[in-house]
>>> print(open('target.txt').read())   # compact mmCIF, C-alpha atoms and all ligand atoms
# COMPACT_ATOMS: atom_id res chain seq x y z
CA MET A 1 26.07 -10.88 0.88
CA VAL A 2 23.69 -8.93 -1.32
CA TYR A 3 23.32 -10.39 -4.83
CA ALA A 4 23.64 -7.88 -7.68
CA ALA A 5 21.30 -8.62 -10.60
CA THR A 6 23.38 -8.71 -13.80
CA PRO A 7 22.52 -9.69 -17.41
CA LEU A 8 22.53 -13.39 -18.29
CA GLU A 9 25.84 -14.31 -19.90
CA LYS A 10 24.74 -17.37 -21.88
CA PRO A 11 21.53 -19.23 -22.70
CA LEU A 12 20.10 -21.19 -19.78
CA ASN A 13 19.15 -24.84 -20.13
CA ILE A 14 17.42 -27.45 -17.97
CA GLN A 15 20.72 -29.00 -16.93
CA THR A 16 21.99 -25.65 -15.57
CA LEU A 17 18.80 -25.19 -13.56
CA GLN A 18 18.94 -28.73 -12.19
CA ALA A 19 22.58 -28.17 -11.19
CA MET A 20 21.53 -24.96 -9.40
CA LYS A 21 19.07 -26.99 -7.33
CA LYS A 22 21.85 -29.41 -6.38
CA ARG A 23 24.07 -26.48 -5.28
CA GLY A 24 21.19 -24.93 -3.33
CA GLU A 25 21.29 -21.83 -5.57
CA LYS A 26 17.90 -20.23 -6.19
CA PHE A 27 16.78 -19.23 -9.68
CA VAL A 28 14.26 -16.61 -10.69
CA THR A 29 11.23 -16.85 -12.95
CA VAL A 30 8.91 -14.11 -14.22
CA ALA A 31 5.61 -14.70 -16.00
CA LEU A 32 5.53 -12.14 -18.82
CA TYR A 33 4.03 -11.78 -22.23
CA ASP A 34 5.82 -9.37 -24.58
CA ALA A 35 9.18 -8.60 -26.19
CA PRO A 36 10.25 -5.51 -24.18
CA MET A 37 9.59 -7.19 -20.82
CA ALA A 38 11.31 -10.35 -22.08
CA ALA A 39 14.38 -8.30 -23.04
CA MET A 40 14.38 -6.63 -19.65
CA ALA A 41 14.23 -10.04 -17.95
CA GLU A 42 17.34 -11.16 -19.85
CA LYS A 43 19.17 -7.96 -18.85
CA SER A 44 18.12 -8.42 -15.20
CA GLY A 45 19.40 -12.01 -14.94
CA VAL A 46 15.98 -13.74 -14.88
CA GLU A 47 16.84 -17.37 -15.63
CA VAL A 48 13.35 -18.54 -16.66
CA VAL A 49 10.52 -16.65 -18.34
CA LEU A 50 7.08 -18.16 -18.34
CA VAL A 51 4.60 -17.17 -21.02
CA GLY A 52 1.73 -18.03 -18.71
CA ASP A 53 -1.92 -18.40 -19.61
CA SER A 54 -2.36 -15.84 -16.81
CA LEU A 55 -2.20 -13.50 -19.81
CA GLY A 56 -5.93 -14.14 -20.13
CA MET A 57 -6.40 -12.11 -16.96
CA THR A 58 -3.37 -9.78 -16.95
CA VAL A 59 -3.43 -8.74 -20.62
CA LEU A 60 -6.71 -9.79 -22.23
CA GLY A 61 -9.12 -8.77 -19.47
CA TYR A 62 -10.83 -12.12 -18.79
CA THR A 63 -11.76 -13.09 -15.23
CA SER A 64 -10.04 -16.48 -15.44
CA THR A 65 -7.56 -18.34 -17.66
CA VAL A 66 -10.29 -20.60 -19.06
CA PRO A 67 -10.99 -18.56 -22.25
CA VAL A 68 -7.32 -18.53 -23.32
CA THR A 69 -6.66 -20.32 -26.62
CA MET A 70 -3.61 -21.86 -28.26
CA ASP A 71 -3.59 -18.97 -30.77
CA HIS A 72 -3.30 -16.43 -27.92
CA MET A 73 -0.38 -18.41 -26.50
CA ILE A 74 1.46 -18.68 -29.83
CA TYR A 75 1.19 -14.92 -30.42
CA HIS A 76 2.75 -14.15 -27.03
CA ILE A 77 5.36 -16.95 -27.06
CA GLU A 78 6.63 -15.62 -30.40
CA ALA A 79 6.87 -12.08 -29.00
CA VAL A 80 8.75 -13.22 -25.88
CA HIS A 81 11.10 -15.33 -27.98
CA ARG A 82 11.90 -12.33 -30.19
CA GLY A 83 12.77 -10.26 -27.11
CA ASN A 84 14.87 -12.75 -25.17
CA LYS A 85 17.60 -15.10 -26.39
CA LYS A 86 19.07 -16.30 -23.08
CA SER A 87 16.38 -17.13 -20.51
CA LEU A 88 14.73 -20.54 -20.69
CA ILE A 89 11.23 -19.94 -22.09
CA ILE A 90 8.31 -22.00 -20.76
CA GLY A 91 5.02 -21.80 -22.67
CA ASP A 92 1.74 -22.74 -21.02
CA LEU A 93 -0.71 -25.04 -22.75
CA PRO A 94 -4.10 -23.45 -21.99
CA PHE A 95 -7.41 -24.98 -20.86
CA MET A 96 -8.50 -28.13 -22.74
CA THR A 97 -5.55 -28.14 -25.13
CA TYR A 98 -4.02 -31.24 -23.49
CA ALA A 99 -7.10 -33.27 -22.55
CA ASN A 100 -5.43 -36.37 -24.02
CA PRO A 101 -1.80 -37.19 -24.88
CA GLU A 102 -2.17 -36.82 -28.67
CA GLN A 103 -3.87 -33.44 -28.39
CA ALA A 104 -1.12 -32.37 -25.95
CA MET A 105 1.59 -33.41 -28.38
CA ALA A 106 0.10 -31.47 -31.29
CA ASN A 107 -0.31 -28.30 -29.20
CA ALA A 108 3.06 -28.65 -27.46
CA ALA A 109 4.69 -28.91 -30.89
CA ARG A 110 3.08 -25.58 -31.87
CA ALA A 111 4.34 -23.92 -28.67
CA MET A 112 7.88 -25.24 -29.22
CA GLN A 113 7.90 -24.08 -32.85
CA ALA A 114 6.80 -20.63 -31.68
CA GLY A 115 9.90 -20.39 -29.45
CA ALA A 116 9.19 -22.19 -26.15
CA HIS A 117 11.94 -24.43 -24.77
CA MET A 118 9.52 -26.28 -22.48
CA ILE A 119 5.77 -26.46 -22.04
CA LYS A 120 3.77 -26.34 -18.78
CA ILE A 121 0.59 -28.26 -18.02
CA GLU A 122 -1.62 -28.24 -14.92
CA GLY A 123 -2.57 -31.39 -13.05
CA GLY A 124 -1.46 -34.52 -11.22
CA GLU A 125 -1.50 -38.26 -11.79
CA TRP A 126 -3.81 -38.16 -14.83
CA LEU A 127 -1.06 -36.34 -16.76
CA ALA A 128 1.58 -39.07 -16.34
CA PRO A 129 0.97 -40.71 -19.77
CA THR A 130 1.00 -37.26 -21.44
CA VAL A 131 4.28 -36.27 -19.75
CA LYS A 132 5.86 -39.60 -20.76
CA LEU A 133 4.80 -39.21 -24.38
CA LEU A 134 5.98 -35.59 -24.69
CA VAL A 135 9.33 -36.24 -23.03
CA GLU A 136 9.87 -39.36 -25.15
CA ARG A 137 9.27 -37.20 -28.25
CA GLY A 138 11.77 -34.54 -27.10
CA ILE A 139 9.45 -31.96 -25.52
CA PRO A 140 10.50 -30.94 -21.98
CA VAL A 141 7.59 -30.56 -19.57
CA CYS A 142 7.04 -28.44 -16.46
CA GLY A 143 4.31 -29.68 -14.10
CA HIS A 144 1.97 -27.42 -12.11
CA LEU A 145 0.40 -28.52 -8.80
CA GLY A 146 -1.56 -26.98 -5.93
CA LEU A 147 -3.82 -24.16 -7.10
CA THR A 148 -4.11 -24.94 -10.80
CA PRO A 149 -6.03 -21.90 -12.11
CA GLN A 150 -7.58 -23.71 -15.09
CA SER A 151 -9.61 -25.67 -12.49
CA VAL A 152 -10.84 -22.53 -10.70
CA TYR A 153 -14.49 -23.53 -11.13
CA LYS A 154 -13.82 -26.94 -9.60
CA PHE A 155 -12.09 -25.29 -6.60
CA GLY A 156 -14.83 -22.65 -6.22
CA GLY A 157 -12.31 -19.79 -6.44
CA PHE A 158 -8.58 -19.03 -6.31
CA ARG A 159 -8.00 -20.79 -2.98
CA VAL A 160 -4.98 -22.19 -1.16
CA GLN A 161 -4.75 -25.97 -1.75
CA GLY A 162 -3.27 -28.72 0.43
CA ARG A 163 -4.26 -27.38 3.83
CA ASP A 164 -5.85 -30.63 5.01
CA ALA A 165 -3.77 -33.78 5.45
CA ALA A 166 -5.49 -35.83 2.72
CA GLN A 167 -5.11 -33.10 0.12
CA ALA A 168 -1.48 -32.47 1.12
CA LYS A 169 -0.73 -36.19 0.76
CA SER A 170 -2.34 -36.28 -2.67
CA ILE A 171 -0.32 -33.24 -3.89
CA LEU A 172 2.92 -34.79 -2.60
CA GLU A 173 2.10 -38.08 -4.32
CA SER A 174 1.27 -36.27 -7.57
CA ALA A 175 4.66 -34.52 -7.43
CA LYS A 176 6.42 -37.87 -7.19
CA ILE A 177 4.33 -39.36 -10.00
CA LEU A 178 5.05 -36.40 -12.30
CA GLU A 179 8.76 -36.65 -11.52
CA GLN A 180 8.66 -40.37 -12.31
CA ALA A 181 6.86 -39.61 -15.59
CA GLY A 182 9.69 -37.26 -16.58
CA VAL A 183 8.89 -33.61 -15.79
CA ALA A 184 11.98 -31.39 -15.79
CA MET A 185 10.60 -29.07 -13.10
CA MET A 186 7.32 -28.19 -11.43
CA VAL A 187 5.43 -25.09 -10.33
CA LEU A 188 3.85 -25.25 -6.86
CA GLU A 189 1.11 -22.64 -6.53
CA CYS A 190 -0.63 -21.51 -3.34
CA ILE A 191 0.16 -24.34 -0.97
CA PRO A 192 1.34 -24.17 2.65
CA SER A 193 5.11 -23.64 2.87
CA GLU A 194 5.56 -26.80 4.93
CA LEU A 195 4.11 -28.90 2.08
CA ALA A 196 6.32 -27.10 -0.46
CA VAL A 197 9.36 -27.94 1.70
CA GLN A 198 8.42 -31.64 1.72
CA ILE A 199 7.96 -31.72 -2.06
CA THR A 200 11.17 -29.76 -2.71
CA GLN A 201 13.15 -32.16 -0.53
CA GLN A 202 11.58 -35.31 -1.93
CA VAL A 203 11.85 -34.63 -5.68
CA LYS A 204 15.13 -34.18 -7.54
CA VAL A 205 13.75 -31.76 -10.14
CA PRO A 206 13.56 -28.03 -9.31
CA THR A 207 10.38 -26.65 -7.73
CA ILE A 208 9.22 -23.14 -8.64
CA GLY A 209 7.00 -21.60 -5.99
CA ILE A 210 4.31 -18.95 -6.16
CA GLY A 211 2.56 -18.56 -2.83
CA ALA A 212 4.44 -21.68 -1.68
CA GLY A 213 6.89 -20.20 0.82
CA ARG A 214 10.58 -19.39 0.73
CA GLU A 215 12.07 -22.87 0.49
CA THR A 216 11.28 -23.84 -3.10
CA ASP A 217 14.22 -23.98 -5.53
CA ALA A 218 12.92 -20.98 -7.47
CA GLN A 219 10.20 -18.32 -7.28
CA VAL A 220 7.85 -17.05 -9.94
CA LEU A 221 5.80 -13.85 -9.96
CA VAL A 222 3.62 -12.33 -12.64
CA ILE A 223 5.07 -9.12 -14.13
CA ASN A 224 1.84 -7.19 -13.41
CA ASP A 225 2.25 -7.98 -9.69
CA ILE A 226 5.94 -7.00 -9.70
CA LEU A 227 4.96 -3.64 -11.20
CA GLY A 228 1.98 -3.03 -8.92
CA LEU A 229 -0.55 -3.19 -11.76
CA THR A 230 -2.94 -5.60 -10.04
CA GLU A 231 -5.89 -3.88 -8.38
CA GLN A 232 -6.35 -6.47 -5.65
CA PRO A 233 -3.01 -8.25 -5.48
CA PRO A 234 -2.90 -11.74 -3.99
CA LYS A 235 -1.16 -12.19 -0.61
CA PHE A 236 1.86 -13.84 -2.24
CA ALA A 237 2.52 -10.87 -4.56
CA LYS A 238 4.73 -7.86 -3.96
CA ASN A 239 4.95 -4.50 -5.73
CA PHE A 240 8.69 -4.04 -6.33
CA LEU A 241 8.20 -0.81 -8.29
CA SER A 242 7.31 0.96 -5.04
CA GLU A 243 10.90 0.24 -3.88
CA ALA A 244 12.64 1.09 -7.15
CA LYS A 245 13.07 4.18 -9.29
CA ASP A 246 11.94 2.64 -12.57
CA ILE A 247 10.62 -0.58 -14.18
CA PRO A 248 14.04 -2.17 -14.86
CA GLY A 249 14.95 -1.35 -11.26
CA ALA A 250 11.81 -3.14 -10.02
CA MET A 251 12.71 -6.28 -11.96
CA ARG A 252 16.30 -6.20 -10.66
CA LYS A 253 15.04 -5.74 -7.09
CA TYR A 254 12.77 -8.80 -7.45
CA VAL A 255 15.73 -10.85 -8.75
CA GLN A 256 17.97 -9.67 -5.92
CA ASP A 257 15.39 -10.31 -3.20
CA VAL A 258 14.72 -13.88 -4.43
CA LYS A 259 18.44 -14.67 -4.68
CA ASP A 260 19.07 -13.20 -1.21
CA GLY A 261 16.14 -15.14 0.30
CA ILE A 262 14.35 -11.89 1.26
CA PHE A 263 11.33 -12.55 -0.99
CA PRO A 264 8.85 -14.01 -0.24
CA GLY A 265 8.67 -12.36 3.17
CA ASP A 266 6.53 -13.60 6.07
CA ASP A 267 3.59 -11.53 4.76
CA ASN A 268 3.60 -13.42 1.43
CA ILE A 269 3.51 -16.95 2.85
CA PHE A 270 0.63 -19.37 3.52
CA CYS A 271 0.84 -21.64 6.58
O1 LIG B 301 0.00 -18.61 -15.99
C1 LIG B 301 0.89 -18.26 -15.19
O2 LIG B 301 1.42 -17.15 -15.21
C2 LIG B 301 1.29 -19.24 -14.20
C3 LIG B 301 2.09 -18.75 -13.03
C4 LIG B 301 1.30 -17.88 -12.15
C5 LIG B 301 2.77 -19.85 -12.31
O3 LIG B 301 0.98 -20.38 -14.31
>>> encode(input="target.txt", output="C-alpha cells", more="lines below")
Ligand code: KIV
Amino acid sequence: MVYAATPLEKPLNIQTLQAMKKRGEKFVTVALYDAPMAAMAEKSGVEVVLVGDSLGMTVLGYTSTVPVTMDHMIYHIEAVHRGNKKSLIIGDLPFMTYANPEQAMANAARAMQAGAHMIKIEGGEWLAPTVKLLVERGIPVCGHLGLTPQSVYKFGGFRVQGRDAAQAKSILESAKILEQAGVAMMVLECIPSELAVQITQQVKVPTIGIGAGRETDAQVLVINDILGLTEQPPKFAKNFLSEAKDIPGAMRKYVQDVKDGIFPGDDNIFC
C-alpha cells in the first residue's frame, strides 16, 4: 500500500520512535536549518528534524563541517524550533565542542535551551563517558558512526567506512558500547548496507541511515539534496523535486518513498 504523507498530529518523543522500531515501522528524518523548512517538515509528517552541522557546507559555504561553531548551531536550532512544534528536534554539537564530558555538557545545555530535544555527537567508544554523563543529567543523546564528517581530515575525504572486516567489527562494537552508555538512537553514515543490517538487528535503539542501505529503522537526507541544490550530489542522495511539482511535494515524496521502502533505491546503496 502506498503511504500518504500527512501532517504530524502530536509531538513526537523518543518513546514513540523506539516503539516504531519495535513494530518495524520506519520513521523519516530531514536535516534542515530554518523555520519555513521546519514548518514544511511538520506538515509533511517528518518525525525527526536534525539541525545538522552540515549547515556549514549547505548554508554557510564552507568545504567541511569543521569551521562550524556553537553560535552557528544555536542560531539555526532556534529558527527550526520556532518553525516546528511537533517533530523531535536533534541539534548537532559541532567540531571540538564535546572534546571532554564537561565541555559537552555545557554545550549540550545551550543546544537544549535553544530548542533541541536531543543532541548528536560523532564518534565511538571514547564518547561513552560523555553519553553517560549527559543522559544522567537529562540530555538525550544521538550517536553518529561510520563516516563522521568532523573527522574528514583523518579519513582523507568523505569516504565509505567499514568496508574491511576489522573496521566493520570496530563500528559494530562502537554501536553496542554507545547503546550501553545510553544513546537513544544513532545515525549510521556511509557504511555498507550489510553492516547497517547487523547493527540495526543487534541494538535495541533506532538506527537512522544515510548511505547505509534500506534496512535501518529510519532514513535521513539533507534538505539541499532532497531539493536538488547540491552541485555534485553524493551517491546516497536523491533529488525528489524532479519528481514533484513543488517543494512541499518533494518533501512529501521523500517521506512516502522512505515509508514505502522505495528509497533508498539500489543506486543509492553502498555494498
Ligand atoms: O550534519 C548533518 O546533517 C548530519 C546528517 C548528514 C546525518 O549529520
>>> atom_distance(input="target.txt", atom1="CA of Ala196 (chain A)", atom2="CA of Thr130 (chain A)")
23.9 Å
>>> closest_atom_pairs(input="target.txt", of="chain A", to="ligand LIG 301 (chain B)", cutoff="7 Å", atoms="only C-alpha atoms and all ligand atoms", output="JSON lines")
{"residue": "A:Ala31", "atom": "CA", "partner": "B:LIG301", "partner_atom": "O2", "distance": 4.9}
{"residue": "A:Leu50", "atom": "CA", "partner": "B:LIG301", "partner_atom": "O2", "distance": 6.5}
{"residue": "A:Val51", "atom": "CA", "partner": "B:LIG301", "partner_atom": "O2", "distance": 6.6}
{"residue": "A:Gly52", "atom": "CA", "partner": "B:LIG301", "partner_atom": "O1", "distance": 3.3}
{"residue": "A:Asp53", "atom": "CA", "partner": "B:LIG301", "partner_atom": "O1", "distance": 4.1}
{"residue": "A:Ser54", "atom": "CA", "partner": "B:LIG301", "partner_atom": "O1", "distance": 3.7}
{"residue": "A:Leu55", "atom": "CA", "partner": "B:LIG301", "partner_atom": "O1", "distance": 6.7}
{"residue": "A:Asp92", "atom": "CA", "partner": "B:LIG301", "partner_atom": "O1", "distance": 6.7}
{"residue": "A:Val187", "atom": "CA", "partner": "B:LIG301", "partner_atom": "C5", "distance": 6.2}
{"residue": "A:Glu189", "atom": "CA", "partner": "B:LIG301", "partner_atom": "C5", "distance": 6.6}
{"residue": "A:Ile210", "atom": "CA", "partner": "B:LIG301", "partner_atom": "C5", "distance": 6.4}
{"residue": "A:Val220", "atom": "CA", "partner": "B:LIG301", "partner_atom": "C5", "distance": 6.3}
{"residue": "A:Leu221", "atom": "CA", "partner": "B:LIG301", "partner_atom": "C4", "distance": 6.4}
{"residue": "A:Val222", "atom": "CA", "partner": "B:LIG301", "partner_atom": "O2", "distance": 5.9}
>>> closest_residue(input="target.txt", among="A:Ile191, A:Met20, A:Ala237, A:Ala5", to="His144 (chain A)", atoms="all atoms listed in the file")
A:Ile191
>>> closest_residue(input="target.txt", among="A:Glu179, A:Glu173, A:Asp164, A:Asp246", to="Val131 (chain A)", atoms="all atoms listed in the file")
A:Glu179
>>> residues_around(input="target.txt", residues="Val152 (chain A)", least_positions_apart="5", cutoff="10 Å", atoms="only C-alpha atoms", output="VMD selection string")
chain A and resid 64 to 66 147 157 to 159
>>> closest_residue(input="target.txt", among="A:Ala175, A:Ala218, A:Ala114, A:Val46", to="Glu9 (chain A)", atoms="all atoms listed in the file")
A:Val46
>>> residues_around(input="target.txt", residues="Lys10 (chain A)", least_positions_apart="2", cutoff="7 Å", atoms="all atoms listed in the file", output="PyMOL selection string")
chain A and resi 8+12+86
>>> atom_distance(input="target.txt", atom1="CA of Met70 (chain A)", atom2="CA of Phe95 (chain A)")
8.9 Å
>>> residues_around(input="target.txt", residues="Val255 (chain A)", least_positions_apart="3", cutoff="9 Å", atoms="only C-alpha atoms", output="short mmCIF file (atom, residue, chain, number, x, y, z; two decimals) with C-alpha atoms, in the frame of the given file")
data_model
loop_
_atom_site.label_atom_id
_atom_site.label_comp_id
_atom_site.auth_asym_id
_atom_site.auth_seq_id
_atom_site.Cartn_x
_atom_site.Cartn_y
_atom_site.Cartn_z
CA TYR A 3 23.32 -10.39 -4.83
CA ALA A 4 23.64 -7.88 -7.68
CA ALA A 5 21.30 -8.62 -10.60
CA PHE A 27 16.78 -19.23 -9.68
CA VAL A 28 14.26 -16.61 -10.69
CA THR A 29 11.23 -16.85 -12.95
CA SER A 44 18.12 -8.42 -15.20
CA GLY A 45 19.40 -12.01 -14.94
CA VAL A 46 15.98 -13.74 -14.88
CA ALA A 250 11.81 -3.14 -10.02
CA MET A 251 12.71 -6.28 -11.96
CA ARG A 252 16.30 -6.20 -10.66
CA VAL A 258 14.72 -13.88 -4.43
CA LYS A 259 18.44 -14.67 -4.68
CA ASP A 260 19.07 -13.20 -1.21
#
>>> closest_residue(input="target.txt", among="A:Ala106, A:Ala181, A:Met112, A:Ile74", to="Glu125 (chain A)", atoms="all atoms listed in the file")
A:Ala181
>>> decode(input="target.txt", residues="region 62-73 of chain A", atoms="N, CA and C atoms", output="PDB file, in the first residue's frame")
ATOM      1  N   TYR A  62      31.163  26.686   3.627  1.00  0.00           N
ATOM      2  CA  TYR A  62      32.467  26.083   3.951  1.00  0.00           C
ATOM      3  C   TYR A  62      32.624  24.765   3.178  1.00  0.00           C
ATOM      4  N   THR A  63      33.855  24.253   3.133  1.00  0.00           N
ATOM      5  CA  THR A  63      34.073  22.992   2.408  1.00  0.00           C
ATOM      6  C   THR A  63      34.019  21.774   3.333  1.00  0.00           C
ATOM      7  N   SER A  64      33.866  22.019   4.637  1.00  0.00           N
ATOM      8  CA  SER A  64      33.675  20.905   5.572  1.00  0.00           C
ATOM      9  C   SER A  64      32.851  21.435   6.741  1.00  0.00           C
ATOM     10  N   THR A  65      32.554  20.559   7.710  1.00  0.00           N
ATOM     11  CA  THR A  65      31.792  20.997   8.887  1.00  0.00           C
ATOM     12  C   THR A  65      32.714  21.512   9.994  1.00  0.00           C
ATOM     13  N   VAL A  66      34.012  21.408   9.779  1.00  0.00           N
ATOM     14  CA  VAL A  66      34.978  21.764  10.837  1.00  0.00           C
ATOM     15  C   VAL A  66      34.851  23.216  11.324  1.00  0.00           C
ATOM     16  N   PRO A  67      34.616  24.206  10.446  1.00  0.00           N
ATOM     17  CA  PRO A  67      34.540  25.592  10.948  1.00  0.00           C
ATOM     18  C   PRO A  67      33.268  25.933  11.726  1.00  0.00           C
ATOM     19  N   VAL A  68      32.288  25.039  11.766  1.00  0.00           N
ATOM     20  CA  VAL A  68      31.004  25.378  12.403  1.00  0.00           C
ATOM     21  C   VAL A  68      31.181  25.574  13.912  1.00  0.00           C
ATOM     22  N   THR A  69      30.535  26.601  14.437  1.00  0.00           N
ATOM     23  CA  THR A  69      30.664  26.915  15.870  1.00  0.00           C
ATOM     24  C   THR A  69      29.335  26.664  16.587  1.00  0.00           C
ATOM     25  N   MET A  70      29.409  26.701  17.900  1.00  0.00           N
ATOM     26  CA  MET A  70      28.212  26.542  18.727  1.00  0.00           C
ATOM     27  C   MET A  70      27.241  27.693  18.447  1.00  0.00           C
ATOM     28  N   ASP A  71      27.769  28.900  18.222  1.00  0.00           N
ATOM     29  CA  ASP A  71      26.878  30.042  17.954  1.00  0.00           C
ATOM     30  C   ASP A  71      26.090  29.840  16.648  1.00  0.00           C
ATOM     31  N   HIS A  72      26.761  29.278  15.610  1.00  0.00           N
ATOM     32  CA  HIS A  72      26.016  28.968  14.376  1.00  0.00           C
ATOM     33  C   HIS A  72      24.868  28.012  14.703  1.00  0.00           C
ATOM     34  N   MET A  73      25.181  26.983  15.471  1.00  0.00           N
ATOM     35  CA  MET A  73      24.173  25.947  15.763  1.00  0.00           C
ATOM     36  C   MET A  73      22.986  26.532  16.526  1.00  0.00           C
TER      37      MET A  73
END
